[in-house]
Amino acid sequence: QYVTKRSKINPQRLPLPPGPRPLPIIGNALDMPQEFPWKTFREWTNKYGDLVHVNVVGQPILVVGSAKVAYDLFERKSSIYSGRANSTMIIDLMGWGWSFGMMNYGEQWKRHRKLFHQHFNQNAVDKYQHIQMRESRALLRRIRENPEKFMDHIRITFAATIMDIAYGIQVKDRTDEFITIAESALEGLSEAAVPGAFLVDQLPWLKYIPSWFPGAGFQKKAQEWAHLANEMPNKPFNAVKAAVKRGDARPSMVASLLENITDESARSEDERLARNAAGVAYAGGADTTVAAVQSFFLAMLCHPGVQKKAQAEIASVVGRDHLPDFDVREQLPYINAIIKETMRWQPVTPLAVPHYTDVDDIYEGHYIPAGSIIMGNVWSMLHDEEYYPNPSEFRPERFLLADGTPNPDAKDPGAFAFGFGRRICPGRFLSDTSLYSVITSVLAVYDILPALDANGKEEKVTPAWTTGLVQYPLPFRCRIVPRSKAAEGLISHSGDHYA
Ligand code: HEM
């Protein structure tokens with residue numbers, strides 16, 4: 001076993017957790033998988049145990065492979081395992097420091113998170129249901145106009161939902177300026193977040209090299225992206241601020257925060273918090289929910305039996321002449337099980353978002369050095385045979401008893417799918433209601449069927465996903481067809497109620 005050289009801070013000379021053998025200087029850099037790292041990490045867990053240590057060019061990384069260790073570190077020791085590592089490129093150069101999703105644990109993070117929670121906790125999200133339903137119904141109409149583009153339509157659905165909730169801004173399509181800014185800012189972010197993409201993250205002193213210097217192309221990129229990262233929270237916030245001043249702001253998170261400022265001496269700080277908290281809603285919520293719903297479409301395409309059962313359940317509760325709303329949710333256990341299985345089958349964030357600790361610790365006789373990055377292998381936990389037999393199968397029944405009612409003993413995927421401890425996703429309640437509104441609306445009126453090839457034969461689909469921080473299905477073809485004449489009528493008039 002490898003014993004750290006920093007023996008002053010590891011006086012008992014405890015071993016590090018086990019892991020693949022590192023090379024001098026570069027450590028385990030060559031062991032690190034380029035694709036689907038969660039699968040390699042699972043093999044490491046099988047070989048070395050539930051807590052694996054690697055070091056990449058001196059950076060200690062711990063991989064948590066079981067629910068037990070996740071609980072022990074992220075929950076029981078949450079005061080020291082709730083940080084985030086600083087990225088020189090993303091925070092110092094691109095200016096994403098305003099996002100509390102990237103802040104290290106501390107007072108600033110707590111203040112932002114508390115404010116965010118007030119607007120997205122389990123009860124608070126009820127007031128957004130009409131927006132979610134309106135946008136889900138708009139999705140039905142967009143699909144009818146252009147079914148091939150369903151992947152894009154899903155994107156605009158959540159962009160529009162979040163822009164309305166956070167700012168009261170109603171966007172029509174993806175050419176809207178607020179959307180193009182946010183999407184470009186997030187594209188820059190995901191490019192910069194690829195581990196090893198920018199050397200400045202390994203050698204932070206490079207940030208002092210001016211952009212005109214040969215080889216300092218990263219500075220130019222960082223400047224362009226910094227402009228977007230600044231506009232993303234500022235532009236929509238300033239628009240709402242002006243509307244509040246004029247007295248014609250639509251109801252929204254930002255409008256209510258601004259209207260409730262009573263202490264003028266705290267105004268600039270309160271405005272800063274409101275701007276940052278609203279900005280992070282789009283950053284954290286748009287792409288993730290999109291990925292989950294796209295995976296749902298893929299699951300329905302590959303599992304026609306599940307689709308039929310869900311459609312029958314909806315019809316038995318609301319008939320064929322109505323669209324289901326939130327009031328019937330309790331009566332749709334199969335739909336609720338589909339939502340859980342969607343979160344489990346291909347987790348949107350297979351490694352959650354890595355945590356960071358800045359203090360030394362000891363866990364089960366192993367030394368955990370300050371400065372470690374800790375990754376929870378969400379995918380592995382959600383594909384654990386013990387809790388989820390035949391984990392690669394999409395089988396909502398695993399969350400139900402034989403009589404079709406919810407199984408209280410089935411492990412809720414939400415315990416892992418949204419990350420861990422104090423950092424657990426604060427948008428998980430909104431994501432849940434978003435999935436419900438889209439899934440029930442779509443299944444009530446559409447069949448998701450295999451595409452036909454040139455000879456009219458049904459195409460076979462092999463499910464496959466991307467490999468980044470957020471896992472999207474790779475583009476796939478399908479036919480989305482109204483289920484009946486009554487369904488066509490529902491699609492046409494579905495928006496009226498929520499307009
Ligand atoms: C399918 C949907 C979603 C998934 C799978 C998801 C997953 C996650 C994960 C894994 C984390 C990191 C947790 C950790 O560090 O342990 C996270 C953080 C976060 N999510 Fe989500 N999320 C989803 C939807 C949303 C939505 C709809 C919002 C906003 C309304 C949102 C806002 C955030 C924010 C602000 C953070 C940062 C929290 C912090 O660092 O304290 N997420 N999410």
# chains A, B, ... in the order shown; residues from 1 in each chain; ligands from 1
>>> residues_around(residues="Pro347 in chain A", least_positions_apart="5", cutoff="8 Å", atoms="only C-alpha atoms", output="list in words")
Ala292, Thr342, Val378, Trp379, Leu382, Ala417 and Gln471 of chain A
>>> write_last_selection(atoms="N, CA and C atoms", output="short mmCIF file (atom, residue, chain, number, x, y, z; two decimals), in the first residue's frame")
data_model
loop_
_atom_site.label_atom_id
_atom_site.label_comp_id
_atom_site.auth_asym_id
_atom_site.auth_seq_id
_atom_site.Cartn_x
_atom_site.Cartn_y
_atom_site.Cartn_z
N ALA A 292 -33.03 13.66 -18.99
CA ALA A 292 -33.91 12.65 -18.40
C ALA A 292 -35.11 12.38 -19.32
N THR A 342 -36.90 5.95 -14.87
CA THR A 342 -36.17 6.82 -15.80
C THR A 342 -34.93 7.39 -15.11
N VAL A 378 -22.73 7.15 -8.89
CA VAL A 378 -24.19 7.06 -8.90
C VAL A 378 -24.65 5.90 -9.79
N TRP A 379 -24.05 5.83 -10.96
CA TRP A 379 -24.44 4.78 -11.92
C TRP A 379 -24.30 3.40 -11.26
N LEU A 382 -26.98 2.76 -8.70
CA LEU A 382 -28.31 2.55 -9.29
C LEU A 382 -28.37 1.29 -10.14
N ALA A 417 -29.54 9.50 -7.35
CA ALA A 417 -29.53 10.14 -8.67
C ALA A 417 -29.28 11.64 -8.59
N GLN A 471 -25.43 12.78 -19.03
CA GLN A 471 -25.53 11.71 -20.00
C GLN A 471 -26.80 11.82 -20.83
#
>>> residues_near_ligand(ligand="ligand 1", cutoff="8 Å", atoms="only C-alpha atoms and all ligand atoms", output="NGL selection string")
:A and (82 or 84 or 99-103 or 109 or 113 or 116 or 120 or 162 or 277 or 280-286 or 288-292 or 343 or 347-355 or 376 or 416-432 or 434)
>>> residues_around(residues="range 331-337 of chain A", least_positions_apart="5", cutoff="9 Å", atoms="only C-alpha atoms", output="list in words")
Lys309, Ala310, Gln311, Glu313, Ile314, Val317, Thr342, Arg395, Pro396, Glu397, Arg398, Phe399, Leu400, Gly404, Thr405, Pro406, Tyr436, Ile439 and Thr440 of chain A
>>> closest_residue(among="A:Asp72, A:Glu364, A:Glu264, A:Asp92", to="Ala222 in chain A", atoms="only C-alpha atoms")
A:Asp92
>>> select_by_dssp(residues="range 20-112 of chain A", states="helix (DSSP H, G or I)", output="VMD selection string")
chain A and resid 29 to 31 37 to 48 67 to 76 88 to 93 96 to 98 100 to 102 107 to 112
>>> write_last_selection(atoms="N, CA and C atoms", output="short mmCIF file (atom, residue, chain, number, x, y, z; two decimals), in the first residue's frame")
data_model
loop_
_atom_site.label_atom_id
_atom_site.label_comp_id
_atom_site.auth_asym_id
_atom_site.auth_seq_id
_atom_site.Cartn_x
_atom_site.Cartn_y
_atom_site.Cartn_z
N ALA A 29 -2.55 8.72 -13.99
CA ALA A 29 -3.10 9.44 -15.15
C ALA A 29 -3.45 8.48 -16.29
N LEU A 30 -2.62 7.46 -16.49
CA LEU A 30 -2.87 6.55 -17.62
C LEU A 30 -3.98 5.55 -17.32
N ASP A 31 -4.31 5.40 -16.06
CA ASP A 31 -5.41 4.48 -15.71
C ASP A 31 -6.78 5.13 -15.89
N PRO A 37 -16.43 6.61 -17.53
CA PRO A 37 -15.55 6.31 -16.39
C PRO A 37 -16.25 5.52 -15.29
N TRP A 38 -17.59 5.73 -15.16
CA TRP A 38 -18.31 5.04 -14.08
C TRP A 38 -18.23 3.52 -14.23
N LYS A 39 -18.06 3.05 -15.47
CA LYS A 39 -17.98 1.59 -15.65
C LYS A 39 -16.62 1.07 -15.19
N THR A 40 -15.55 1.79 -15.55
CA THR A 40 -14.22 1.40 -15.07
C THR A 40 -14.16 1.53 -13.55
N PHE A 41 -14.76 2.59 -13.01
CA PHE A 41 -14.75 2.77 -11.55
C PHE A 41 -15.46 1.61 -10.86
N ARG A 42 -16.49 1.11 -11.48
CA ARG A 42 -17.21 -0.03 -10.91
C ARG A 42 -16.27 -1.24 -10.84
N GLU A 43 -15.47 -1.44 -11.92
CA GLU A 43 -14.51 -2.57 -11.90
C GLU A 43 -13.50 -2.37 -10.78
N TRP A 44 -13.05 -1.14 -10.60
CA TRP A 44 -12.11 -0.86 -9.50
C TRP A 44 -12.75 -1.19 -8.16
N THR A 45 -14.02 -0.82 -8.00
CA THR A 45 -14.72 -1.11 -6.74
C THR A 45 -14.76 -2.62 -6.52
N ASN A 46 -15.08 -3.36 -7.56
CA ASN A 46 -15.12 -4.82 -7.43
C ASN A 46 -13.76 -5.37 -7.01
N LYS A 47 -12.69 -4.74 -7.53
CA LYS A 47 -11.35 -5.26 -7.28
C LYS A 47 -10.76 -4.76 -5.96
N TYR A 48 -10.96 -3.46 -5.67
CA TYR A 48 -10.25 -2.87 -4.52
C TYR A 48 -11.14 -2.57 -3.31
N ALA A 67 -23.48 2.54 -1.46
CA ALA A 67 -24.38 3.43 -0.74
C ALA A 67 -23.89 3.63 0.69
N LYS A 68 -23.28 2.59 1.27
CA LYS A 68 -22.85 2.70 2.66
C LYS A 68 -21.74 3.76 2.81
N VAL A 69 -20.72 3.66 1.95
CA VAL A 69 -19.62 4.63 2.07
C VAL A 69 -20.13 6.04 1.71
N ALA A 70 -21.02 6.10 0.72
CA ALA A 70 -21.60 7.40 0.36
C ALA A 70 -22.27 8.01 1.59
N TYR A 71 -23.00 7.20 2.31
CA TYR A 71 -23.70 7.69 3.49
C TYR A 71 -22.69 8.11 4.57
N ASP A 72 -21.69 7.24 4.81
CA ASP A 72 -20.70 7.53 5.86
C ASP A 72 -19.96 8.84 5.60
N LEU A 73 -19.57 9.07 4.35
CA LEU A 73 -18.78 10.27 4.08
C LEU A 73 -19.67 11.49 3.80
N PHE A 74 -20.56 11.36 2.83
CA PHE A 74 -21.31 12.54 2.38
C PHE A 74 -22.39 12.99 3.37
N GLU A 75 -22.95 12.01 4.13
CA GLU A 75 -24.02 12.39 5.07
C GLU A 75 -23.45 12.56 6.48
N ARG A 76 -22.83 11.48 6.98
CA ARG A 76 -22.42 11.53 8.38
C ARG A 76 -21.27 12.50 8.61
N THR A 88 -9.32 26.59 -12.03
CA THR A 88 -8.73 27.88 -12.43
C THR A 88 -9.40 28.39 -13.70
N MET A 89 -9.62 27.47 -14.65
CA MET A 89 -10.20 27.89 -15.93
C MET A 89 -11.64 28.39 -15.72
N ILE A 90 -12.43 27.58 -15.03
CA ILE A 90 -13.87 27.90 -14.95
C ILE A 90 -14.15 29.05 -13.98
N ILE A 91 -13.50 29.03 -12.83
CA ILE A 91 -13.83 30.05 -11.83
C ILE A 91 -12.98 31.32 -12.04
N ASP A 92 -11.66 31.14 -12.05
CA ASP A 92 -10.80 32.34 -12.08
C ASP A 92 -10.82 33.03 -13.45
N LEU A 93 -10.80 32.24 -14.53
CA LEU A 93 -10.70 32.87 -15.85
C LEU A 93 -12.05 33.09 -16.52
N TRP A 96 -17.17 31.93 -13.46
CA TRP A 96 -18.38 31.25 -13.01
C TRP A 96 -18.53 31.24 -11.49
N GLY A 97 -17.71 32.03 -10.81
CA GLY A 97 -17.73 32.04 -9.34
C GLY A 97 -19.08 32.45 -8.76
N TRP A 98 -19.94 33.07 -9.57
CA TRP A 98 -21.26 33.48 -9.07
C TRP A 98 -22.18 32.29 -8.82
N PHE A 100 -23.47 29.09 -7.18
CA PHE A 100 -23.18 28.41 -5.91
C PHE A 100 -22.98 26.91 -6.12
N GLY A 101 -23.38 26.38 -7.27
CA GLY A 101 -23.11 24.98 -7.57
C GLY A 101 -21.62 24.69 -7.64
N MET A 102 -20.83 25.75 -7.84
CA MET A 102 -19.38 25.56 -7.97
C MET A 102 -18.61 26.14 -6.79
N GLU A 107 -19.78 30.10 3.98
CA GLU A 107 -20.87 31.03 4.25
C GLU A 107 -21.59 31.47 2.97
N GLN A 108 -20.79 31.82 1.94
CA GLN A 108 -21.39 32.30 0.68
C GLN A 108 -22.27 31.22 0.06
N TRP A 109 -21.75 30.00 0.04
CA TRP A 109 -22.53 28.89 -0.52
C TRP A 109 -23.84 28.73 0.25
N LYS A 110 -23.74 28.76 1.59
CA LYS A 110 -24.93 28.55 2.42
C LYS A 110 -26.00 29.59 2.12
N ARG A 111 -25.58 30.85 2.01
CA ARG A 111 -26.56 31.92 1.80
C ARG A 111 -27.28 31.76 0.47
N HIS A 112 -26.51 31.42 -0.57
CA HIS A 112 -27.13 31.23 -1.88
C HIS A 112 -28.08 30.03 -1.86
#
>>> closest_residue(among="A:Tyr367, A:Trp465, A:Tyr128, A:Phe150", to="Phe297 in chain A", atoms="only C-alpha atoms")
A:Phe150
>>> residues_around(residues="Ala370 in chain A", least_positions_apart="2", cutoff="10 Å", atoms="only C-alpha atoms", output="list in words")
Ile9, Pro60, Ile80, Tyr356, Thr357, Asp358, Val359, Asp360, Asp361, Tyr367, Ile368, Ser372 and Ile373 of chain A
>>> residues_around(residues="Lys235 in chain A", least_positions_apart="2", cutoff="12 Å", atoms="only C-alpha atoms", output="JSON, numbers by chain")
{"A": [163, 167, 169, 177, 178, 179, 180, 181, 182, 227, 228, 229, 230, 231, 232, 233, 237, 238, 239, 240, 241, 242, 275, 276, 278, 279]}
>>> residues_around(residues="range 145-148 of chain A", least_positions_apart="6", cutoff="9 Å", atoms="only C-alpha atoms", output="list of chain:residue names")
A:Arg477, A:Cys478, A:Arg479, A:Ile480, A:Val481
>>> closest_residue(among="A:Ser380, A:Ser87, A:Glu341, A:Phe213", to="Gly65 in chain A", atoms="only C-alpha atoms")
A:Ser380
>>> closest_residue(among="A:Lys149, A:Arg141, A:Lys114, A:His366", to="Ala487 in chain A", atoms="only C-alpha atoms")
A:Arg141
>>> atom_distance(atom1="CA of Arg155 in chain A", atom2="CA of Gln346 in chain A")
18.3 Å
>>> closest_residue(among="A:Ala197, A:Asn104, A:Val470, A:Thr175", to="Phe36 in chain A", atoms="only C-alpha atoms")
A:Val470
>>> closest_residue(among="A:Pro473, A:Ala216, A:Gly468, A:Val442", to="Pro33 in chain A", atoms="only C-alpha atoms")
A:Gly468
>>> select_by_dssp(residues="range 265-391 of chain A", states="strand (DSSP E or B)", output="number ranges by chain")
A: 355-357, 361-363, 366-368, 372-376
>>> atom_distance(atom1="CA of Gly58 in chain A", atom2="CA of Ile26 in chain A")
7.1 Å
